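Student: Sharing final25.cif below, mmCIF, C-alpha atoms:
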```cif
data_structure
#
loop_
_atom_site.label_atom_id
_atom_site.label_comp_id
_atom_site.auth_asym_id
_atom_site.auth_seq_id
_atom_site.Cartn_x
_atom_site.Cartn_y
_atom_site.Cartn_z
CA MET A 1 0.00 0.00 0.00
CA ALA A 2 2.86 2.36 0.75
CA LEU A 3 4.17 1.96 -2.80
CA GLU A 4 0.66 2.44 -4.16
CA ASP A 5 0.23 5.70 -2.19
CA ILE A 6 3.56 7.01 -3.44
CA CYS A 7 2.74 6.17 -7.07
CA ASN A 8 -0.80 7.62 -6.75
CA PHE A 9 -2.47 4.76 -8.61
CA ASN A 10 -5.84 5.89 -9.87
CA CYS A 11 -7.38 3.48 -12.38
CA LYS A 12 -10.83 3.60 -13.91
CA PRO A 13 -12.37 0.28 -14.95
CA MET A 14 -13.41 -0.07 -18.55
CA HIS A 15 -17.06 -0.53 -19.49
CA LYS A 16 -16.56 -3.65 -21.56
CA SER A 17 -14.43 -6.66 -20.73
CA LEU A 18 -13.22 -9.67 -22.66
CA THR A 19 -15.39 -12.72 -22.09
CA PHE A 20 -14.16 -16.28 -22.39
CA HIS A 21 -16.97 -17.62 -24.58
CA THR A 22 -15.75 -15.44 -27.46
CA LEU A 23 -12.32 -17.07 -27.30
CA GLU A 24 -13.62 -20.49 -28.26
CA ASP A 25 -15.10 -19.21 -31.53
CA THR A 26 -11.96 -18.53 -33.50
CA SER A 27 -13.87 -17.44 -36.58
CA SER A 28 -15.46 -14.47 -34.82
CA SER A 29 -13.80 -11.27 -33.70
CA VAL A 30 -14.41 -9.23 -30.58
CA PHE A 31 -14.41 -5.44 -30.62
CA THR A 32 -13.82 -3.96 -27.19
CA ASP A 33 -12.61 -0.66 -25.88
CA SER A 34 -8.85 -0.30 -25.81
CA PHE A 35 -7.51 -1.68 -22.57
CA ASP A 36 -4.37 -2.05 -20.55
CA LEU A 37 -3.35 -4.55 -17.90
CA LYS A 38 -2.86 -2.64 -14.66
CA TRP A 39 -3.24 -3.50 -11.04
CA ARG A 40 -6.62 -2.96 -9.39
CA ALA A 41 -6.48 -0.48 -6.55
CA GLU A 42 -7.09 -1.95 -3.13
CA LEU A 43 -10.44 -1.39 -1.50
CA THR A 44 -9.96 -0.18 2.07
CA SER A 45 -12.24 0.39 4.98
CA LYS A 46 -12.01 3.05 7.64
CA LYS A 47 -13.49 0.69 10.23
CA THR A 48 -10.71 -1.85 9.74
CA SER A 49 -7.90 0.74 9.92
CA GLU A 50 -7.10 0.68 6.21
CA VAL A 51 -6.98 -3.13 5.99
CA PRO A 52 -7.31 -4.23 2.34
CA LEU A 53 -10.58 -5.95 1.48
CA GLU A 54 -9.39 -7.44 -1.83
CA PHE A 55 -6.25 -9.04 -3.24
CA HIS A 56 -4.31 -7.47 -6.10
CA VAL A 57 -5.60 -9.02 -9.32
CA PRO A 58 -5.01 -7.92 -12.91
CA CYS A 59 -8.01 -6.43 -14.70
CA LEU A 60 -8.76 -4.53 -17.89
CA PHE A 61 -8.71 -0.76 -17.74
CA ARG A 62 -9.17 2.09 -20.16
CA ARG A 63 -5.99 3.31 -21.82
CA PRO A 64 -4.82 6.55 -20.17
CA SER A 65 -4.92 9.83 -22.07
CA SER A 66 -1.93 11.04 -24.06
CA GLN A 67 -0.99 13.61 -21.40
CA ALA A 68 -1.14 11.09 -18.58
CA SER A 69 0.78 8.45 -20.52
CA GLN A 70 3.82 10.66 -21.01
CA SER A 71 6.66 9.46 -18.81
CA VAL A 72 10.24 10.45 -18.24
CA SER A 73 12.53 8.39 -20.49
CA VAL A 74 15.51 6.73 -18.85
CA ARG A 75 18.73 6.42 -20.83
CA ARG A 76 20.20 2.94 -20.84
CA PRO A 77 23.97 2.56 -20.41
CA PHE A 78 24.11 0.61 -23.68
CA PRO A 79 21.57 -0.54 -26.31
CA LEU A 80 19.99 -3.89 -25.48
CA SER A 81 20.06 -6.41 -28.33
CA HIS A 82 17.87 -9.47 -27.93
CA GLY A 83 18.99 -12.71 -29.53
CA THR A 84 17.75 -16.28 -29.38
CA THR A 85 16.88 -19.34 -31.43
CA THR A 86 13.55 -21.07 -30.89
CA LEU A 87 11.71 -23.42 -33.23
CA GLY A 88 8.70 -25.66 -33.45
CA PHE A 89 7.33 -27.99 -36.12
CA ILE A 90 4.65 -30.62 -36.64
CA PHE A 91 5.25 -34.15 -37.89
CA GLN A 92 3.36 -37.44 -37.80
CA GLY A 93 4.46 -38.13 -34.22
CA GLY A 94 3.30 -34.84 -32.67
CA VAL A 95 4.89 -31.44 -32.12
CA ILE A 96 8.57 -30.71 -31.46
CA ALA A 97 9.67 -27.53 -29.63
CA ALA A 98 13.36 -26.68 -29.24
CA ALA A 99 15.39 -23.65 -28.11
CA ASP A 100 18.83 -22.57 -26.99
CA THR A 101 19.52 -21.36 -23.42
CA ARG A 102 21.59 -18.16 -23.83
CA ALA A 103 20.17 -14.84 -22.59
CA SER A 104 22.01 -11.86 -24.03
CA ALA A 105 22.04 -8.12 -23.30
CA GLY A 106 23.88 -6.19 -25.96
CA GLY A 107 27.27 -7.86 -26.33
CA LEU A 108 27.01 -9.54 -22.93
CA VAL A 109 25.86 -13.04 -22.04
CA ALA A 110 23.43 -12.28 -19.22
CA CYS A 111 22.76 -15.94 -18.42
CA PRO A 112 23.93 -19.15 -20.15
CA ALA A 113 21.21 -21.45 -18.78
CA VAL A 114 17.77 -19.85 -19.03
CA HIS A 115 14.57 -21.75 -19.87
CA LYS A 116 13.03 -20.51 -23.12
CA ILE A 117 10.41 -23.28 -23.29
CA THR A 118 7.72 -23.04 -20.60
CA PRO A 119 5.04 -25.70 -19.94
CA ILE A 120 1.62 -24.02 -19.71
CA HIS A 121 -0.38 -27.15 -18.93
CA SER A 122 -0.09 -30.89 -19.54
CA HIS A 123 -0.59 -30.60 -23.33
CA LEU A 124 0.83 -27.15 -24.13
CA VAL A 125 4.32 -25.61 -24.05
CA VAL A 126 5.38 -22.13 -25.18
CA THR A 127 8.70 -21.08 -26.71
CA SER A 128 9.65 -17.48 -25.90
CA SER A 129 11.72 -14.94 -27.79
CA GLY A 130 12.20 -11.24 -27.07
CA SER A 131 12.67 -9.45 -23.77
CA GLY A 132 13.14 -11.98 -20.98
CA ALA A 133 11.15 -10.02 -18.40
CA ASP A 134 8.24 -9.40 -20.78
CA CYS A 135 8.09 -13.05 -21.82
CA MET A 136 8.10 -14.29 -18.22
CA LEU A 137 5.32 -11.86 -17.26
CA TRP A 138 3.00 -12.83 -20.11
CA GLU A 139 3.64 -16.53 -19.67
CA ARG A 140 2.59 -16.23 -16.02
CA ILE A 141 -0.50 -14.26 -16.98
CA LEU A 142 -1.37 -16.89 -19.59
CA ILE A 143 -0.94 -19.75 -17.11
CA ARG A 144 -3.21 -17.98 -14.62
CA GLU A 145 -5.94 -17.20 -17.14
CA ILE A 146 -5.99 -20.78 -18.48
CA ARG A 147 -6.19 -22.14 -14.94
CA LEU A 148 -9.07 -19.80 -14.09
CA TYR A 149 -10.90 -20.85 -17.26
CA GLN A 150 -10.46 -24.52 -16.37
CA LEU A 151 -11.81 -23.95 -12.86
CA ARG A 152 -14.85 -22.05 -14.15
CA HIS A 153 -15.77 -24.27 -17.09
CA LYS A 154 -14.41 -27.67 -15.95
CA ARG A 155 -12.38 -28.06 -19.15
CA ARG A 156 -9.21 -26.70 -20.67
CA LEU A 157 -9.21 -23.77 -23.05
CA SER A 158 -8.37 -24.92 -26.59
CA ILE A 159 -5.01 -24.06 -28.15
CA ARG A 160 -6.68 -21.72 -30.65
CA GLY A 161 -8.65 -20.10 -27.84
CA THR A 162 -5.45 -19.68 -25.83
CA ALA A 163 -3.72 -18.00 -28.79
CA LYS A 164 -6.71 -15.72 -29.33
CA LEU A 165 -6.76 -14.72 -25.65
CA LEU A 166 -3.03 -13.95 -25.70
CA SER A 167 -3.39 -11.96 -28.91
CA PHE A 168 -6.18 -9.80 -27.45
CA MET A 169 -4.17 -9.14 -24.28
CA LEU A 170 -1.03 -8.13 -26.20
CA HIS A 171 -2.66 -5.99 -28.90
CA PRO A 172 -2.99 -2.79 -26.75
CA PHE A 173 0.80 -2.77 -26.33
CA LYS A 174 1.45 -2.46 -30.06
CA GLY A 175 3.98 0.30 -30.70
CA THR A 176 5.39 0.21 -27.17
CA ASP A 177 8.66 -1.23 -25.87
CA VAL A 178 7.00 -4.54 -25.01
CA CYS A 179 8.90 -7.25 -26.91
CA VAL A 180 7.24 -10.68 -26.82
CA ALA A 181 7.18 -13.44 -29.43
CA LEU A 182 5.62 -16.71 -28.25
CA THR A 183 5.03 -19.92 -30.18
CA LEU A 184 2.29 -22.15 -28.74
CA CYS A 185 3.10 -25.83 -29.31
CA GLY A 186 0.29 -28.02 -28.07
CA TRP A 187 -2.29 -30.73 -28.54
CA ASP A 188 -6.04 -30.75 -27.89
CA LYS A 189 -8.09 -32.47 -30.61
CA ASP A 190 -5.11 -32.34 -32.95
CA ASP A 191 -1.58 -30.99 -32.89
CA SER A 192 -1.39 -27.20 -33.12
CA LEU A 193 1.38 -24.68 -33.71
CA ILE A 194 0.46 -20.99 -33.37
CA TYR A 195 2.73 -17.93 -33.27
CA VAL A 196 1.69 -14.80 -31.31
CA CYS A 197 3.78 -11.62 -31.03
CA SER A 198 3.54 -8.41 -29.03
CA ASP A 199 1.64 -6.42 -31.68
CA GLY A 200 -1.25 -8.91 -31.48
CA ALA A 201 -0.44 -10.82 -34.68
CA ARG A 202 -1.57 -14.47 -34.63
CA LEU A 203 -0.34 -16.99 -37.22
CA GLN A 204 -0.92 -20.73 -37.49
CA GLY A 205 1.38 -23.04 -39.42
CA ASP A 206 3.35 -26.28 -39.50
CA ILE A 207 6.80 -24.80 -38.84
CA PHE A 208 8.03 -21.69 -37.00
CA SER A 209 11.44 -20.45 -35.97
CA VAL A 210 11.81 -17.19 -34.07
CA GLY A 211 14.83 -15.16 -33.00
CA SER A 212 18.11 -13.89 -34.38
CA GLY A 213 19.21 -17.44 -35.21
CA SER A 214 16.00 -18.34 -37.06
CA PRO A 215 17.40 -17.84 -40.62
CA TYR A 216 20.04 -20.50 -39.95
CA ALA A 217 17.51 -22.83 -38.30
CA TYR A 218 15.12 -22.45 -41.25
CA GLY A 219 17.93 -23.44 -43.60
CA VAL A 220 18.30 -26.79 -41.83
CA LEU A 221 14.58 -27.39 -41.32
CA ASP A 222 13.54 -26.57 -44.89
CA GLY A 223 16.05 -29.05 -46.27
CA SER A 224 15.12 -32.06 -44.12
CA LEU A 225 11.66 -31.59 -42.59
CA ARG A 226 8.91 -33.90 -43.83
CA TRP A 227 5.68 -35.27 -42.40
CA SER A 228 6.86 -38.91 -42.29
CA LEU A 229 9.75 -38.31 -39.87
CA SER A 230 10.10 -40.77 -37.00
CA LYS A 231 10.40 -39.53 -33.44
CA GLU A 232 14.17 -40.06 -33.37
CA GLU A 233 14.62 -38.32 -36.75
CA ALA A 234 12.51 -35.34 -35.64
CA ILE A 235 14.48 -34.93 -32.41
CA SER A 236 17.77 -35.21 -34.31
CA LEU A 237 16.60 -32.60 -36.85
CA ALA A 238 15.57 -30.13 -34.12
CA ARG A 239 18.90 -30.54 -32.33
CA GLU A 240 20.78 -30.07 -35.59
CA ALA A 241 18.83 -26.90 -36.44
CA VAL A 242 19.48 -25.32 -33.03
CA PHE A 243 23.14 -26.34 -33.15
CA ARG A 244 23.72 -24.82 -36.61
CA ALA A 245 21.94 -21.61 -35.59
CA THR A 246 23.95 -21.22 -32.37
CA HIS A 247 27.17 -21.90 -34.25
CA ARG A 248 26.54 -18.97 -36.62
CA ASP A 249 24.56 -16.60 -34.36
CA ALA A 250 26.57 -14.91 -31.58
CA TYR A 251 23.46 -14.22 -29.48
CA SER A 252 22.46 -17.91 -29.30
CA GLY A 253 24.28 -20.79 -27.70
CA ASN A 254 25.28 -22.84 -24.63
CA ASN A 255 22.64 -25.61 -24.44
CA VAL A 256 19.58 -26.97 -26.23
CA ASP A 257 16.21 -27.74 -24.61
CA LEU A 258 13.74 -29.98 -26.44
CA PHE A 259 10.09 -30.89 -25.78
CA HIS A 260 7.91 -33.45 -27.57
CA VAL A 261 4.14 -32.91 -27.33
CA THR A 262 1.67 -35.70 -28.17
CA ALA A 263 -1.86 -36.73 -27.21
CA GLU A 264 -0.42 -38.15 -23.95
CA GLY A 265 1.11 -34.78 -23.01
CA TRP A 266 4.54 -33.22 -23.23
CA LYS A 267 7.86 -34.90 -22.51
CA GLN A 268 11.13 -33.05 -21.98
CA ARG A 269 14.42 -34.35 -23.28
CA GLN A 270 17.44 -33.93 -21.06
CA ARG A 271 19.30 -30.67 -21.68
CA GLU A 272 22.37 -31.08 -23.90
CA ASP A 273 25.51 -28.97 -24.05
CA LEU A 274 26.09 -27.64 -27.56
CA LYS A 275 29.85 -27.45 -26.96
CA GLU A 276 30.00 -31.25 -26.95
CA GLU A 277 27.91 -31.32 -30.12
CA TYR A 278 30.39 -28.93 -31.73
CA TYR A 279 33.36 -31.17 -30.94
CA ARG A 280 31.50 -34.23 -32.20
CA ASP A 281 30.75 -32.38 -35.43
CA MET A 282 34.38 -31.33 -35.83
CA GLU A 283 35.49 -34.93 -35.23
CA LYS A 284 33.12 -36.16 -37.97
CA LYS A 285 34.46 -33.53 -40.37
CA GLY A 286 38.02 -34.54 -39.53
CA LYS A 287 37.29 -38.19 -40.28
CA LYS A 288 35.70 -37.28 -43.61
CA ILE A 289 38.74 -35.20 -44.56
CA ASP A 290 41.06 -38.09 -43.63
CA LEU A 291 39.06 -40.49 -45.81
CA LYS A 292 39.23 -38.09 -48.76
CA MET A 293 42.97 -37.69 -48.33
CA GLN A 294 43.42 -41.47 -48.31
CA LYS A 295 41.48 -41.82 -51.56
CA LEU A 296 43.57 -39.20 -53.36
CA PRO A 297 46.22 -40.67 -55.71
CA LYS A 298 49.77 -40.40 -54.38
#
```
As structure tokens, please, write out the structure in this file.

Tutor:
Amino acid sequence: MALEDICNFNCKPMHKSLTFHTLEDTSSSVFTDSFDLKWRAELTSKKTSEVPLEFHVPCLFRRPSSQASQSVSVRRPFPLSHGTTTLGFIFQGGVIAAADTRASAGGLVACPAVHKITPIHSHLVVTSSGSGADCMLWERILIREIRLYQLRHKRRLSIRGTAKLLSFMLHPFKGTDVCVALTLCGWDKDDSLIYVCSDGARLQGDIFSVGSGSPYAYGVLDGSLRWSLSKEEAISLAREAVFRATHRDAYSGNNVDLFHVTAEGWKQRQREDLKEEYYRDMEKKGKKIDLKMQKLPK
């Protein structure tokens, strides 16, 4: 409360709110007033000596006016460059999601062992790319909203409904410094792969790669990906794509995380160090060169 008094929070609730039944119908669109996610002010009572009557919960509020939204800009000591390599694709055995584990800030490696793939529920994982803080916040909000929906309706929100909900929540932040790019890799009635970014865009497809290393990952995936891949071939392809991307992209690297999502739920493969993969690859290349040298006429 002390922080709230200092900041002088004064929020007005919006007249229209987003309802869950509209999220299930993916063919329809919902037109609501522009909204922002802010914290609801605490209700206090004089009789209880300013004891809060309600917990802090996120709610939808009207976007503040242009004069009120102006804030003092803070200069960063150096420009922050975000880099990562995440990918997801569909094959006959389900959905594969893979990502590296390096978090970068400009030319610095902020953390070599972050988790860029987050389980949302038993049949849905999300790969994240962009600002680490923004991605963690929206993943937590998404987990909470899906859990609330399941408690209210006694069933899980569909993957398409989840993507639509996330898109509606992110759209008001279009044009701001919010940097979020999430790929939903899940299974409900069928396998689904949907990409949602911070401007509210929502795309569905069979293959997505996001981040600074995505051009290199696409080069590997486009050459070898096919529907008839076995589970072992799909896992090997995903590892190879992440490895090649991290080898060429300075902002990606360290380890590779891999999830396999099927009708039985998601399974995580043990994290692998890409440095060992690099040495194995160099050893293979060395053997091939030796064989070529032996075949050359003396």

Student: Nearest to A:Trp266: which of A:Ala103, A:Ile117, A:Ala110, A:Cys197 is it, counting only C-alpha atoms?

Tutor: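 The closest residue to A:Trp266 is A:Ile117.
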
Student: Could you pull the residues within 7 Å of stretch 171-186 of chain A, counting only C-alpha atoms, minus those fewer than 2 positions along the same chain, as JSON, numbers by chain?

Tutor: {"A": [34, 35, 36, 88, 95, 97, 123, 124, 125, 126, 127, 128, 129, 130, 131, 134, 135, 159, 167, 168, 169, 188, 191, 192, 193, 194, 195, 196, 197, 198, 199, 200, 261]}

Student: A:Lys164, A:Lys231, A:Glu145, A:Leu108: which is nearest A:Gln204, counting all atoms listed in the file?

Tutor: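 Nearest candidate to A:Gln204 out of A:Lys164, A:Lys231, A:Glu145, A:Leu108: A:Lys164.
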
Student: Provide the atom CA of A:Val210 to atom CA of A:Asp281 distance in Å, to one decimal place.

Tutor: 24.3 Å

Student: Rounded to one decimal place, report the atom CA of A:Arg160-atom CA of A:Gly205 distance in Å.

Tutor: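 These two atoms are separated by 12.0 Å.
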
Student: To one decimal place, how far is atom CA of A:Glu240 from atom CA of A:Gly223 in Å?

Tutor: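 Atom-to-atom, atom CA of A:Glu240 to atom CA of A:Gly223, that is 11.7 Å.
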
Student: Have a look at A:Gly265, A:Gly211, A:Gly161, A:Gly107 and name the one nearest to A:Tyr149; count all atoms listed in the file.

Tutor: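 Of all the options, A:Gly161 lies closest to A:Tyr149.
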
Student: Compile the contact shell of A:Ser209 as JSON, numbers by chain: residues with an atom at most 10 Å away, counting all atoms listed in the file, same-chain residues fewer than 4 positions apart removed.

Tutor: {"A": [85, 86, 87, 88, 89, 97, 98, 99, 127, 129, 183, 195, 213, 214, 215, 216, 217, 218, 221, 241, 242]}

Student: Counting all atoms listed in the file, figure out which residue out of A:Ala163, A:Leu148, A:Ala113, A:Ile207 gets nearest to A:Leu274.

Tutor: A:Ala113
